[in-house]
$ cat model-v7.csv   # CSV, C-alpha atoms and all ligand atoms
chain,number,residue,atom,x,y,z
A,26,MET,CA,5.8,-8.5,27.9
A,27,LYS,CA,7.8,-6.7,25.3
A,28,THR,CA,7.5,-2.9,25.3
A,29,MET,CA,8.2,-0.1,22.9
A,30,ARG,CA,8.6,3.7,23.2
A,31,ALA,CA,5.7,5.8,22.0
A,32,VAL,CA,4.3,9.3,22.4
A,33,GLN,CA,1.0,9.1,24.1
A,34,ILE,CA,-1.9,11.5,24.2
A,35,GLU,CA,-3.6,11.1,27.5
A,36,LYS,CA,-5.9,14.2,27.5
A,37,VAL,CA,-6.8,16.7,24.8
A,38,LEU,CA,-4.4,19.7,24.9
A,39,LYS,CA,-2.3,18.2,27.7
A,40,PRO,CA,1.4,17.9,26.7
A,41,MET,CA,2.2,14.5,25.4
A,42,LYS,CA,5.0,12.4,26.9
A,43,VAL,CA,7.1,9.5,25.7
A,44,ARG,CA,6.0,6.3,27.5
A,45,ASP,CA,7.0,2.6,27.5
A,46,ILE,CA,3.9,0.7,26.3
A,47,PRO,CA,3.3,-2.9,25.1
A,48,ILE,CA,4.3,-3.7,21.5
A,49,PRO,CA,0.9,-4.3,19.7
A,50,GLU,CA,-0.2,-7.9,19.2
A,51,ILE,CA,-1.1,-8.8,15.7
A,52,GLY,CA,-4.0,-10.9,14.3
A,53,ASP,CA,-4.1,-13.3,11.4
A,54,ASN,CA,-4.5,-10.6,8.7
A,55,ASP,CA,-2.2,-8.0,10.3
A,56,ALA,CA,1.4,-7.0,10.1
A,57,LEU,CA,3.7,-5.5,12.7
A,58,ILE,CA,5.8,-2.7,11.2
A,59,ARG,CA,9.0,-1.3,12.7
A,60,LEU,CA,9.0,2.4,11.9
A,61,THR,CA,11.9,4.0,10.2
A,62,ALA,CA,10.3,7.4,9.4
A,63,SER,CA,7.1,8.9,10.7
A,64,GLY,CA,5.7,12.3,9.6
A,65,ILE,CA,4.1,14.8,12.0
A,66,CYS,CA,1.0,16.2,10.3
A,67,ARG,CA,-1.4,19.0,11.2
A,68,THR,CA,-4.2,16.4,11.4
A,69,ASP,CA,-2.5,15.0,14.5
A,70,TRP,CA,-2.4,18.4,16.0
A,71,HIS,CA,-6.1,19.0,15.2
A,72,LEU,CA,-6.9,15.8,17.0
A,73,TRP,CA,-4.7,16.8,20.0
A,74,ASN,CA,-6.9,20.0,20.1
A,75,GLY,CA,-10.1,18.0,20.2
A,76,ASP,CA,-11.3,19.2,16.7
A,77,TRP,CA,-13.7,17.4,14.4
A,78,THR,CA,-16.2,16.1,17.0
A,79,TRP,CA,-18.7,17.6,14.5
A,80,ILE,CA,-17.8,14.9,12.1
A,81,ASP,CA,-18.1,12.2,14.8
A,82,VAL,CA,-14.3,11.9,15.4
A,83,LYS,CA,-13.9,10.5,18.9
A,84,LEU,CA,-10.6,9.9,20.7
A,85,ASP,CA,-10.5,6.7,22.7
A,86,LEU,CA,-7.7,7.9,25.1
A,87,PRO,CA,-5.0,7.2,25.8
A,88,LEU,CA,-3.9,6.9,22.2
A,89,VAL,CA,-0.7,7.2,20.1
A,90,LEU,CA,-1.2,9.8,17.3
A,91,GLY,CA,0.8,9.8,14.0
A,92,HIS,CA,-0.4,8.5,10.6
A,93,GLU,CA,2.4,9.1,8.1
A,94,ILE,CA,4.0,5.7,8.5
A,95,CYS,CA,7.1,4.3,6.7
A,96,GLY,CA,8.8,1.2,8.0
A,97,VAL,CA,9.8,-2.4,7.6
A,98,VAL,CA,7.6,-5.5,8.0
A,99,ASP,CA,8.8,-7.1,11.2
A,100,GLU,CA,6.2,-9.8,11.7
A,101,ILE,CA,3.1,-11.0,9.7
A,102,GLY,CA,-0.1,-12.8,10.7
A,103,SER,CA,-0.7,-16.4,9.7
A,104,ALA,CA,-3.1,-15.5,6.8
A,105,VAL,CA,-0.9,-12.8,5.2
A,106,GLN,CA,0.5,-13.7,1.9
A,107,GLY,CA,2.8,-11.8,-0.5
A,108,LEU,CA,4.2,-9.5,2.1
A,109,PRO,CA,7.5,-11.0,3.3
A,110,VAL,CA,9.2,-9.9,6.6
A,111,GLY,CA,11.8,-7.3,5.7
A,112,THR,CA,9.7,-5.5,3.0
A,113,ARG,CA,9.9,-1.7,3.1
A,114,VAL,CA,6.4,-0.2,3.1
A,115,CYS,CA,4.3,2.9,3.7
A,116,VAL,CA,0.8,2.8,5.1
A,117,PRO,CA,-1.9,5.1,3.7
A,118,PHE,CA,-3.8,6.8,6.6
A,119,ASN,CA,-7.0,5.5,5.2
A,120,MET,CA,-6.6,1.9,6.2
A,121,ALA,CA,-9.3,0.0,4.4
A,122,CYS,CA,-11.3,-3.2,4.7
A,123,GLY,CA,-10.9,-4.4,1.1
A,124,HIS,CA,-14.5,-5.8,0.8
A,125,CYS,CA,-17.0,-3.0,1.1
A,126,PRO,CA,-18.6,-1.6,-2.1
A,127,TYR,CA,-16.2,1.3,-2.3
A,128,CYS,CA,-13.1,-0.8,-1.8
A,129,LEU,CA,-14.3,-3.1,-4.5
A,130,ARG,CA,-14.5,-0.1,-6.9
A,131,GLY,CA,-10.9,0.9,-6.0
A,132,LEU,CA,-12.0,3.8,-3.7
A,133,GLN,CA,-10.3,2.5,-0.5
A,134,ASN,CA,-10.0,6.2,0.6
A,135,VAL,CA,-13.7,6.3,1.3
A,136,CYS,CA,-14.0,2.7,2.7
A,137,ASP,CA,-17.2,2.1,4.7
A,138,ASN,CA,-15.1,0.4,7.4
A,139,TYR,CA,-12.0,2.6,7.3
A,140,GLU,CA,-9.6,2.9,10.2
A,141,TRP,CA,-7.3,5.8,10.8
A,142,PRO,CA,-3.9,4.8,12.4
A,143,MET,CA,-4.0,7.5,15.0
A,144,LEU,CA,-7.5,6.6,16.1
A,145,THR,CA,-6.9,2.9,16.2
A,146,ARG,CA,-5.2,1.4,19.2
A,147,GLY,CA,-1.8,0.0,18.4
A,148,SER,CA,-1.5,1.7,15.0
A,149,GLY,CA,-0.4,5.2,15.7
A,150,GLY,CA,2.9,6.3,14.1
A,151,PHE,CA,4.5,8.2,17.0
A,152,ALA,CA,6.0,4.8,18.2
A,153,GLN,CA,8.6,2.3,17.5
A,154,TYR,CA,6.1,-0.3,16.1
A,155,VAL,CA,2.6,-0.2,14.6
A,156,ARG,CA,0.0,-2.9,13.9
A,157,VAL,CA,-1.4,-2.6,10.4
A,158,PRO,CA,-4.8,-4.4,10.0
A,159,ASN,CA,-5.6,-6.1,6.6
A,160,ALA,CA,-1.9,-5.9,5.9
A,161,ARG,CA,-1.8,-7.1,2.3
A,162,LEU,CA,-4.0,-4.1,1.2
A,163,ASN,CA,-2.8,-1.5,3.7
A,164,CYS,CA,1.0,-2.0,3.5
A,165,VAL,CA,2.2,-0.5,0.2
A,166,PRO,CA,5.6,-2.0,-0.8
A,167,LEU,CA,8.1,0.7,-1.8
A,168,PRO,CA,10.5,0.7,-4.9
A,169,LYS,CA,14.1,1.4,-4.0
A,170,GLU,CA,14.0,4.8,-5.7
A,171,VAL,CA,11.6,6.0,-3.0
A,172,SER,CA,13.5,6.8,0.3
A,173,ASP,CA,12.1,6.4,3.8
A,174,ILE,CA,11.8,10.2,4.1
A,175,ASP,CA,9.9,10.3,0.7
A,176,ALA,CA,7.7,7.5,1.9
A,177,SER,CA,6.8,9.1,5.3
A,178,ALA,CA,5.1,11.8,3.2
A,179,LEU,CA,3.0,9.2,1.3
A,180,GLY,CA,0.9,8.2,4.3
A,181,CYS,CA,-1.0,11.5,4.2
A,182,ARG,CA,0.3,14.9,2.9
A,183,TYR,CA,1.8,14.0,-0.4
A,184,MET,CA,-0.7,11.4,-1.4
A,185,THR,CA,-3.6,13.7,-0.3
A,186,ALA,CA,-2.1,16.4,-2.6
A,187,TYR,CA,-1.6,13.9,-5.4
A,188,ARG,CA,-5.3,12.8,-5.4
A,189,ALA,CA,-6.5,16.4,-5.1
A,190,VAL,CA,-4.4,17.7,-8.0
A,191,ALA,CA,-4.0,14.8,-10.4
A,192,THR,CA,-7.3,12.9,-9.8
A,193,ARG,CA,-10.0,15.1,-8.3
A,194,ALA,CA,-9.0,18.4,-10.0
A,195,ASP,CA,-7.6,16.5,-13.0
A,196,VAL,CA,-5.1,19.3,-13.6
A,197,ARG,CA,-3.8,19.4,-17.2
A,198,ALA,CA,-0.7,21.0,-18.7
A,199,GLY,CA,-1.2,24.7,-19.4
A,200,GLU,CA,-4.0,25.2,-16.9
A,201,THR,CA,-3.8,27.9,-14.2
A,202,VAL,CA,-4.0,26.8,-10.6
A,203,VAL,CA,-4.3,28.6,-7.3
A,204,VAL,CA,-3.1,26.8,-4.1
A,205,THR,CA,-4.3,28.4,-0.9
A,206,GLY,CA,-2.3,27.7,2.2
A,207,ILE,CA,1.3,26.5,1.7
A,208,GLY,CA,1.6,24.1,4.6
A,209,GLY,CA,2.4,20.4,4.2
A,210,VAL,CA,-0.4,19.5,1.7
A,211,GLY,CA,-0.3,22.9,0.0
A,212,ARG,CA,3.4,22.8,-0.9
A,213,SER,CA,3.0,19.3,-2.2
A,214,CYS,CA,0.0,20.6,-4.3
A,215,VAL,CA,2.3,23.3,-5.7
A,216,GLU,CA,5.0,20.9,-6.6
A,217,ILE,CA,2.7,18.3,-8.2
A,218,ALA,CA,0.6,20.8,-10.2
A,219,ALA,CA,3.8,22.4,-11.5
A,220,ALA,CA,5.2,19.0,-12.4
A,221,LEU,CA,2.0,18.3,-14.4
A,222,GLY,CA,2.6,21.5,-16.4
A,223,ALA,CA,0.3,23.9,-14.7
A,224,GLN,CA,0.9,27.6,-14.0
A,225,VAL,CA,0.7,27.8,-10.2
A,226,ILE,CA,-0.2,30.8,-8.0
A,227,ALA,CA,0.6,30.2,-4.3
A,228,ILE,CA,-1.3,32.1,-1.7
A,229,ASP,CA,-0.3,32.4,2.0
A,230,THR,CA,0.1,34.9,4.8
A,231,LYS,CA,3.8,34.4,5.2
A,232,VAL,CA,6.5,35.8,2.9
A,233,GLU,CA,9.1,33.1,3.7
A,234,VAL,CA,6.6,30.3,2.9
A,235,LEU,CA,5.8,32.0,-0.5
A,236,GLU,CA,9.6,32.2,-1.2
A,237,ALA,CA,9.8,28.4,-0.6
A,238,ALA,CA,6.8,27.9,-2.9
A,239,LYS,CA,8.6,29.7,-5.8
A,240,LYS,CA,11.5,27.2,-5.4
A,241,ILE,CA,9.2,24.2,-5.9
A,242,GLY,CA,7.4,25.5,-9.0
A,243,ALA,CA,5.0,28.4,-8.2
A,244,SER,CA,5.2,31.0,-11.0
A,245,GLU,CA,3.4,33.7,-9.0
A,246,VAL,CA,2.8,34.2,-5.3
A,247,LEU,CA,0.2,36.3,-3.4
A,248,LEU,CA,0.5,37.5,0.2
A,249,SER,CA,-3.1,37.3,1.6
A,250,GLY,CA,-2.7,39.2,4.9
A,251,GLY,CA,-5.1,42.1,5.3
A,252,LEU,CA,-7.1,41.3,2.2
A,253,THR,CA,-10.7,40.1,2.0
A,254,PRO,CA,-11.4,36.9,0.0
A,255,LYS,CA,-13.0,39.0,-2.7
A,256,GLN,CA,-10.0,41.3,-2.9
A,257,ILE,CA,-7.7,38.2,-3.2
A,258,GLY,CA,-10.0,37.0,-6.1
A,259,GLU,CA,-9.4,40.3,-7.8
A,260,ARG,CA,-5.6,40.0,-7.4
A,261,VAL,CA,-5.7,36.5,-8.9
A,262,LYS,CA,-7.7,37.8,-11.8
A,263,ALA,CA,-5.2,40.6,-12.4
A,264,LEU,CA,-2.4,37.9,-12.5
A,265,THR,CA,-4.3,35.9,-15.1
A,266,GLY,CA,-5.2,38.5,-17.7
A,267,GLY,CA,-8.5,39.4,-15.9
A,268,VAL,CA,-9.9,35.8,-16.1
A,269,GLY,CA,-9.2,33.9,-12.9
A,270,VAL,CA,-7.9,30.3,-12.6
A,271,ASP,CA,-9.1,27.0,-14.0
A,272,VAL,CA,-8.5,25.2,-10.7
A,273,GLY,CA,-8.4,26.2,-7.0
A,274,LEU,CA,-7.0,24.0,-4.3
A,275,ASP,CA,-7.9,24.9,-0.7
A,276,ALA,CA,-5.3,23.2,1.4
A,277,VAL,CA,-6.1,25.0,4.6
A,278,GLY,CA,-9.9,24.8,5.3
A,279,GLY,CA,-11.9,27.5,7.1
A,280,HIS,CA,-14.1,30.3,5.9
A,281,ASP,CA,-11.5,32.8,4.5
A,282,ALA,CA,-9.4,30.1,2.7
A,283,THR,CA,-12.4,28.5,1.1
A,284,LEU,CA,-13.9,31.8,0.0
A,285,MET,CA,-10.6,33.3,-1.4
A,286,THR,CA,-10.1,30.1,-3.4
A,287,LEU,CA,-13.6,30.2,-4.8
A,288,HIS,CA,-13.4,33.9,-5.7
A,289,SER,CA,-10.2,33.2,-7.6
A,290,LEU,CA,-11.9,30.9,-10.1
A,291,ALA,CA,-12.6,31.7,-13.8
A,292,LYS,CA,-16.0,30.8,-15.2
A,293,GLY,CA,-16.4,27.0,-15.3
A,294,GLY,CA,-13.6,26.8,-12.6
A,295,ARG,CA,-13.3,23.8,-10.3
A,296,MET,CA,-12.3,24.0,-6.7
A,297,VAL,CA,-11.0,21.1,-4.8
A,298,GLN,CA,-11.5,21.2,-1.0
A,299,VAL,CA,-8.7,19.4,0.9
A,300,GLY,CA,-8.4,21.3,4.2
A,301,LEU,CA,-10.9,20.7,7.0
A,302,THR,CA,-12.4,23.3,9.3
A,303,THR,CA,-11.4,24.1,12.9
A,304,GLN,CA,-13.3,25.2,16.0
A,305,ASP,CA,-14.0,28.5,14.3
A,306,ASP,CA,-16.3,27.1,11.6
A,307,LYS,CA,-17.1,23.7,13.1
A,308,GLY,CA,-17.7,22.1,9.7
A,309,GLU,CA,-20.0,24.7,8.1
A,310,ILE,CA,-19.1,27.6,5.7
A,311,LYS,CA,-21.5,29.9,3.8
A,312,VAL,CA,-20.7,29.9,0.1
A,313,PRO,CA,-21.9,32.4,-2.6
A,314,ILE,CA,-24.2,29.9,-4.2
A,315,ASP,CA,-25.7,32.3,-6.8
A,316,LEU,CA,-22.2,33.2,-8.0
A,317,MET,CA,-21.5,29.5,-8.4
A,318,VAL,CA,-24.6,29.1,-10.6
A,319,ALA,CA,-23.8,32.2,-12.6
A,320,LYS,CA,-20.2,31.2,-13.2
A,321,GLU,CA,-20.8,27.4,-13.3
A,322,LEU,CA,-18.3,26.8,-10.5
A,323,SER,CA,-17.9,23.4,-8.8
A,324,ILE,CA,-16.6,22.4,-5.4
A,325,ILE,CA,-15.2,18.9,-5.2
A,326,GLY,CA,-14.1,17.2,-1.9
A,327,SER,CA,-10.9,15.1,-1.8
A,328,LEU,CA,-9.9,12.7,0.9
A,329,GLY,CA,-6.6,10.8,1.1
A,330,ASN,CA,-5.6,8.6,-1.8
A,331,PRO,CA,-6.9,5.1,-2.6
A,332,GLN,CA,-4.4,2.2,-2.2
A,333,ALA,CA,-5.3,1.3,-5.9
A,334,ASN,CA,-3.7,4.6,-7.1
A,335,TYR,CA,-0.4,4.2,-5.3
A,336,PRO,CA,1.4,2.6,-8.3
A,337,ASP,CA,0.8,5.9,-10.3
A,338,LEU,CA,2.1,8.0,-7.4
A,339,LEU,CA,5.1,5.9,-6.8
A,340,ARG,CA,6.0,6.0,-10.5
A,341,LEU,CA,5.8,9.8,-10.5
A,342,ILE,CA,8.3,9.9,-7.5
A,343,SER,CA,10.6,7.2,-9.0
A,344,SER,CA,10.8,9.1,-12.2
A,345,GLY,CA,12.2,12.1,-10.3
A,346,LYS,CA,9.5,14.5,-11.6
A,347,VAL,CA,8.5,15.2,-8.0
A,348,ASP,CA,10.5,14.8,-4.8
A,349,PRO,CA,8.7,14.6,-1.4
A,350,SER,CA,12.0,14.8,0.5
A,351,ARG,CA,12.6,18.3,-0.7
A,352,HIS,CA,9.9,19.4,1.7
A,353,LEU,CA,11.8,18.1,4.7
A,354,GLU,CA,12.3,20.8,7.4
A,355,ALA,CA,13.7,18.7,10.2
A,356,GLU,CA,14.4,15.1,11.3
A,357,VAL,CA,13.4,14.8,14.9
A,358,ARG,CA,13.1,12.3,17.8
A,359,LEU,CA,10.0,11.0,19.6
A,360,GLU,CA,10.7,13.5,22.4
A,361,ASP,CA,10.4,16.4,19.9
A,362,VAL,CA,6.8,15.7,18.7
A,363,GLN,CA,5.1,18.0,21.3
A,364,GLY,CA,7.5,20.8,20.4
A,365,VAL,CA,6.5,20.5,16.7
A,366,PHE,CA,2.8,20.6,17.8
A,367,ASP,CA,3.5,23.8,19.9
A,368,ARG,CA,4.7,25.6,16.8
A,369,MET,CA,1.7,24.7,14.7
A,370,PRO,CA,-1.0,27.2,15.9
A,371,LYS,CA,0.9,30.1,14.4
A,372,PHE,CA,1.8,28.0,11.3
A,373,GLY,CA,5.4,28.2,12.5
A,374,THR,CA,6.4,25.1,10.6
A,375,ASN,CA,7.8,25.4,7.1
A,376,GLY,CA,8.0,21.9,5.5
A,377,PHE,CA,7.8,18.4,7.0
A,378,SER,CA,9.0,17.4,10.4
A,379,ILE,CA,9.8,13.7,10.3
A,380,ILE,CA,10.7,11.4,13.2
A,381,THR,CA,13.7,9.3,12.2
A,382,ASN,CA,15.1,8.6,15.6
A,383,PHE,CA,12.9,6.3,17.7
A,384,ASN,CA,15.4,5.3,20.4
B,401,ZN,ZN,-13.8,-1.0,2.5
B,402,ZN,ZN,-2.0,13.9,7.8

$ encode --input "model-v7.csv" --output "structure tokens"
Amino acid sequence: MKTMRAVQIEKVLKPMKVRDIPIPEIGDNDALIRLTASGICRTDWHLWNGDWTWIDVKLDLPLVLGHEICGVVDEIGSAVQGLPVGTRVCVPFNMACGHCPYCLRGLQNVCDNYEWPMLTRGSGGFAQYVRVPNARLNCVPLPKEVSDIDASALGCRYMTAYRAVATRADVRAGETVVVTGIGGVGRSCVEIAAALGAQVIAIDTKVEVLEAAKKIGASEVLLSGGLTPKQIGERVKALTGGVGVDVGLDAVGGHDATLMTLHSLAKGGRMVQVGLTTQDDKGEIKVPIDLMVAKELSIIGSLGNPQANYPDLLRLISSGKVDPSRHLEAEVRLEDVQGVFDRMPKFGTNGFSIITNFN
């Protein structure tokens, strides 16, 4: 049996080790992808912590985490057409079925039969190879202008930010936008909103992260430590002529982040919720519902990005207007994944850590 190297989670919160495990077998509609770049995202860290049991997320251990996949088609099933061996591809984390009512409407991100790579045996990205089901839909071929490092951000963080900013918030040139939490998704939101012509205010608890946000397009920054959500809302109003912002993007999740984003909105403002909660809130947050009525505010959820919208996203990157690889913090090895996880609780990461050495 042929084997590959992979980082396996055997037990929640137990340090992960690199193991030799069988290369996944593929079915008629699948492809086997040899990874060339694989992002390490906070979502994997959440799963390693055992979060999200409150939305029925179950880990069928042992598993290989990782869901920001870029690689080369190594083998295809007998029924796969139009995806030659050797094609460079990225894989959206929302692997979809292609035939449910949502897929048929182009909303593959909310597919009824979705599979997440890190929860599907043989498909996790912290490995030399992954099996991609329904490969013609779930492998997105890459233009030559999009590098492997760029593409490893397109499996989750960058495409999530793109949908939140461009589609769900529908940010227009000249609008004001707050981005709360300048982690992987947050900094991508800052860059994309600025590229679309918005005035962006970045909010975070760390000075160095806010400095980085300025370099990618934030026109104002706000240090949130020690302030209540309402006080932060007041500061944002002060920065916007007493009005508040048109759009709020919560890229963190959790009570304080959600509320500070909501309190930052102008009348008629729209907030897009991207971040999910942790053990502290377990999926439920109290919101000032009367204020939402009085100010006609809306909260909009945003999940991933549909396969159908990748051409627009790839065009935006090919044009050079946005550049995912500028968020790169470190290129790492499979052995380094646990170390990156260990720095996440304190938000000690600043940019994307991408596995590029799988040997
Ligand atoms: Zn579907
Ligand atoms: Zn992710």

$ residues_near_ligand --input "model-v7.csv" --ligand "ligand ZN 401 (chain B)" --cutoff "7 Å" --atoms "all atoms listed in the file" --output "MDAnalysis selection string"
chainID A and resid 121:128 133 136:139

$ write_last_selection --input "model-v7.csv" --atoms "C-alpha atoms" --output "short mmCIF file (atom, residue, chain, number, x, y, z; two decimals), in the coordinates of the input"
data_model
loop_
_atom_site.label_atom_id
_atom_site.label_comp_id
_atom_site.auth_asym_id
_atom_site.auth_seq_id
_atom_site.Cartn_x
_atom_site.Cartn_y
_atom_site.Cartn_z
CA ALA A 121 -9.30 0.00 4.40
CA CYS A 122 -11.30 -3.20 4.70
CA GLY A 123 -10.90 -4.40 1.10
CA HIS A 124 -14.50 -5.80 0.80
CA CYS A 125 -17.00 -3.00 1.10
CA PRO A 126 -18.60 -1.60 -2.10
CA TYR A 127 -16.20 1.30 -2.30
CA CYS A 128 -13.10 -0.80 -1.80
CA GLN A 133 -10.30 2.50 -0.50
CA CYS A 136 -14.00 2.70 2.70
CA ASP A 137 -17.20 2.10 4.70
CA ASN A 138 -15.10 0.40 7.40
CA TYR A 139 -12.00 2.60 7.30
#

$ closest_atom_pairs --input "model-v7.csv" --of "stretch 282-301 of chain A" --to "stretch 233-251 of chain A" --cutoff "12 Å" --atoms "all atoms listed in the file" --output "CSV"
residue,atom,partner,partner_atom,distance
A:Ala282,CA,A:Ser249,CA,9.6
A:Met285,CA,A:Ser249,CA,9.0
A:Thr286,CA,A:Ser249,CA,11.2
A:Ser289,CA,A:Leu247,CA,11.6

$ residues_around --input "model-v7.csv" --residues "stretch 309-317 of chain A" --least-positions-apart "2" --cutoff "9 Å" --atoms "only C-alpha atoms" --output "compact mmCIF listing (two decimals) with C-alpha atoms, keeping the file's coordinate frame"
# COMPACT_ATOMS: atom_id res chain seq x y z
CA GLY A 279 -11.90 27.50 7.10
CA HIS A 280 -14.10 30.30 5.90
CA THR A 283 -12.40 28.50 1.10
CA LEU A 284 -13.90 31.80 0.00
CA LEU A 287 -13.60 30.20 -4.80
CA LYS A 292 -16.00 30.80 -15.20
CA GLY A 293 -16.40 27.00 -15.30
CA THR A 302 -12.40 23.30 9.30
CA ASP A 306 -16.30 27.10 11.60
CA LYS A 307 -17.10 23.70 13.10
CA ALA A 319 -23.80 32.20 -12.60
CA LYS A 320 -20.20 31.20 -13.20
CA GLU A 321 -20.80 27.40 -13.30
CA LEU A 322 -18.30 26.80 -10.50
CA SER A 323 -17.90 23.40 -8.80

$ residues_near_ligand --input "model-v7.csv" --ligand "ligand ZN 402 (chain B)" --cutoff "9 Å" --atoms "only C-alpha atoms and all ligand atoms" --output "list in words"
Gly64, Ile65, Cys66, Arg67, Thr68, Asp69, Gly91, His92, Glu93, Phe118, Ala178, Gly180, Cys181, Arg182, Thr185, Gly209, Val210 and Gly329 of chain A

$ atom_distance --input "model-v7.csv" --atom1 "atom CA of A:Glu216" --atom2 "atom CA of A:Leu274"
12.6 Å

$ closest_residue --input "model-v7.csv" --among "A:Ile48, A:Val82, A:Ile217, A:Ala152" --to "A:Arg358" --atoms "only C-alpha atoms"
A:Ala152

$ closest_residue --input "model-v7.csv" --among "A:Ile101, A:Leu90, A:Met120, A:Val114" --to "A:Asp53" --atoms "only C-alpha atoms"
A:Ile101

$ residues_around --input "model-v7.csv" --residues "A:Cys214" --least-positions-apart "4" --cutoff "7 Å" --atoms "all atoms listed in the file" --output "list of chain:residue names"
A:Ala186, A:Tyr187, A:Val190, A:Val204, A:Val210, A:Ala218

$ closest_residue --input "model-v7.csv" --among "A:Glu170, A:Glu35, A:Asp281, A:Asp337" --to "A:Met184" --atoms "all atoms listed in the file"
A:Asp337

$ residues_around --input "model-v7.csv" --residues "A:Gly150" --least-positions-apart "3" --cutoff "9 Å" --atoms "only C-alpha atoms" --output "PyMOL selection string"
chain A and resi 31-32+60+62-65+89-95+142-143+147+153-155

$ write_last_selection --input "model-v7.csv" --atoms "C-alpha atoms" --output "compact mmCIF listing (two decimals), in the frame of the given file"
# COMPACT_ATOMS: atom_id res chain seq x y z
CA ALA A 31 5.70 5.80 22.00
CA VAL A 32 4.30 9.30 22.40
CA LEU A 60 9.00 2.40 11.90
CA ALA A 62 10.30 7.40 9.40
CA SER A 63 7.10 8.90 10.70
CA GLY A 64 5.70 12.30 9.60
CA ILE A 65 4.10 14.80 12.00
CA VAL A 89 -0.70 7.20 20.10
CA LEU A 90 -1.20 9.80 17.30
CA GLY A 91 0.80 9.80 14.00
CA HIS A 92 -0.40 8.50 10.60
CA GLU A 93 2.40 9.10 8.10
CA ILE A 94 4.00 5.70 8.50
CA CYS A 95 7.10 4.30 6.70
CA PRO A 142 -3.90 4.80 12.40
CA MET A 143 -4.00 7.50 15.00
CA GLY A 147 -1.80 0.00 18.40
CA GLN A 153 8.60 2.30 17.50
CA TYR A 154 6.10 -0.30 16.10
CA VAL A 155 2.60 -0.20 14.60

$ residues_around --input "model-v7.csv" --residues "A:Asn334" --least-positions-apart "3" --cutoff "12 Å" --atoms "all atoms listed in the file" --output "mmCIF file with C-alpha atoms, in the frame of the given file"
data_model
loop_
_atom_site.group_PDB
_atom_site.id
_atom_site.type_symbol
_atom_site.label_atom_id
_atom_site.label_comp_id
_atom_site.auth_asym_id
_atom_site.auth_seq_id
_atom_site.Cartn_x
_atom_site.Cartn_y
_atom_site.Cartn_z
ATOM 1 C CA PRO A 117 -1.900 5.100 3.700
ATOM 2 C CA ARG A 130 -14.500 -0.100 -6.900
ATOM 3 C CA GLY A 131 -10.900 0.900 -6.000
ATOM 4 C CA LEU A 132 -12.000 3.800 -3.700
ATOM 5 C CA GLN A 133 -10.300 2.500 -0.500
ATOM 6 C CA ASN A 134 -10.000 6.200 0.600
ATOM 7 C CA VAL A 165 2.200 -0.500 0.200
ATOM 8 C CA LEU A 179 3.000 9.200 1.300
ATOM 9 C CA MET A 184 -0.700 11.400 -1.400
ATOM 10 C CA THR A 185 -3.600 13.700 -0.300
ATOM 11 C CA TYR A 187 -1.600 13.900 -5.400
ATOM 12 C CA ARG A 188 -5.300 12.800 -5.400
ATOM 13 C CA ALA A 191 -4.000 14.800 -10.400
ATOM 14 C CA THR A 192 -7.300 12.900 -9.800
ATOM 15 C CA GLY A 329 -6.600 10.800 1.100
ATOM 16 C CA ASN A 330 -5.600 8.600 -1.800
ATOM 17 C CA PRO A 331 -6.900 5.100 -2.600
ATOM 18 C CA ASP A 337 0.800 5.900 -10.300
ATOM 19 C CA LEU A 338 2.100 8.000 -7.400
ATOM 20 C CA LEU A 339 5.100 5.900 -6.800
ATOM 21 C CA ARG A 340 6.000 6.000 -10.500
ATOM 22 C CA LEU A 341 5.800 9.800 -10.500
#

$ closest_residue --input "model-v7.csv" --among "A:Val98, A:Ala263, A:Leu108, A:Ala276" --to "A:Ser213" --atoms "only C-alpha atoms"
A:Ala276

$ atom_distance --input "model-v7.csv" --atom1 "atom CA of A:Gln256" --atom2 "atom CA of A:Val215"
22.0 Å

$ build_atoms --input "model-v7.csv" --residues "stretch 74-81 of chain A" --atoms "N, CA and C atoms" --output "mmCIF file, in the frame of the given file"
data_model
loop_
_atom_site.group_PDB
_atom_site.id
_atom_site.type_symbol
_atom_site.label_atom_id
_atom_site.label_comp_id
_atom_site.auth_asym_id
_atom_site.auth_seq_id
_atom_site.Cartn_x
_atom_site.Cartn_y
_atom_site.Cartn_z
ATOM 1 N N ASN A 74 -6.032 18.843 19.675
ATOM 2 C CA ASN A 74 -6.900 20.000 20.100
ATOM 3 C C ASN A 74 -8.318 19.593 20.358
ATOM 4 N N GLY A 75 -8.696 18.368 20.014
ATOM 5 C CA GLY A 75 -10.100 18.000 20.200
ATOM 6 C C GLY A 75 -11.008 18.413 19.067
ATOM 7 N N ASP A 76 -10.444 18.734 17.883
ATOM 8 C CA ASP A 76 -11.300 19.200 16.700
ATOM 9 C C ASP A 76 -12.018 17.955 16.142
ATOM 10 N N TRP A 77 -12.990 18.287 15.308
ATOM 11 C CA TRP A 77 -13.700 17.400 14.400
ATOM 12 C C TRP A 77 -14.689 16.433 15.167
ATOM 13 N N THR A 78 -15.075 16.829 16.399
ATOM 14 C CA THR A 78 -16.200 16.100 17.000
ATOM 15 C C THR A 78 -17.439 16.265 16.182
ATOM 16 N N TRP A 79 -17.490 17.387 15.377
ATOM 17 C CA TRP A 79 -18.700 17.600 14.500
ATOM 18 C C TRP A 79 -18.756 16.702 13.330
ATOM 19 N N ILE A 80 -17.694 15.947 13.042
ATOM 20 C CA ILE A 80 -17.800 14.900 12.100
ATOM 21 C C ILE A 80 -17.640 13.516 12.753
ATOM 22 N N ASP A 81 -18.045 13.485 14.023
ATOM 23 C CA ASP A 81 -18.100 12.200 14.800
ATOM 24 C C ASP A 81 -16.692 11.622 15.049
#
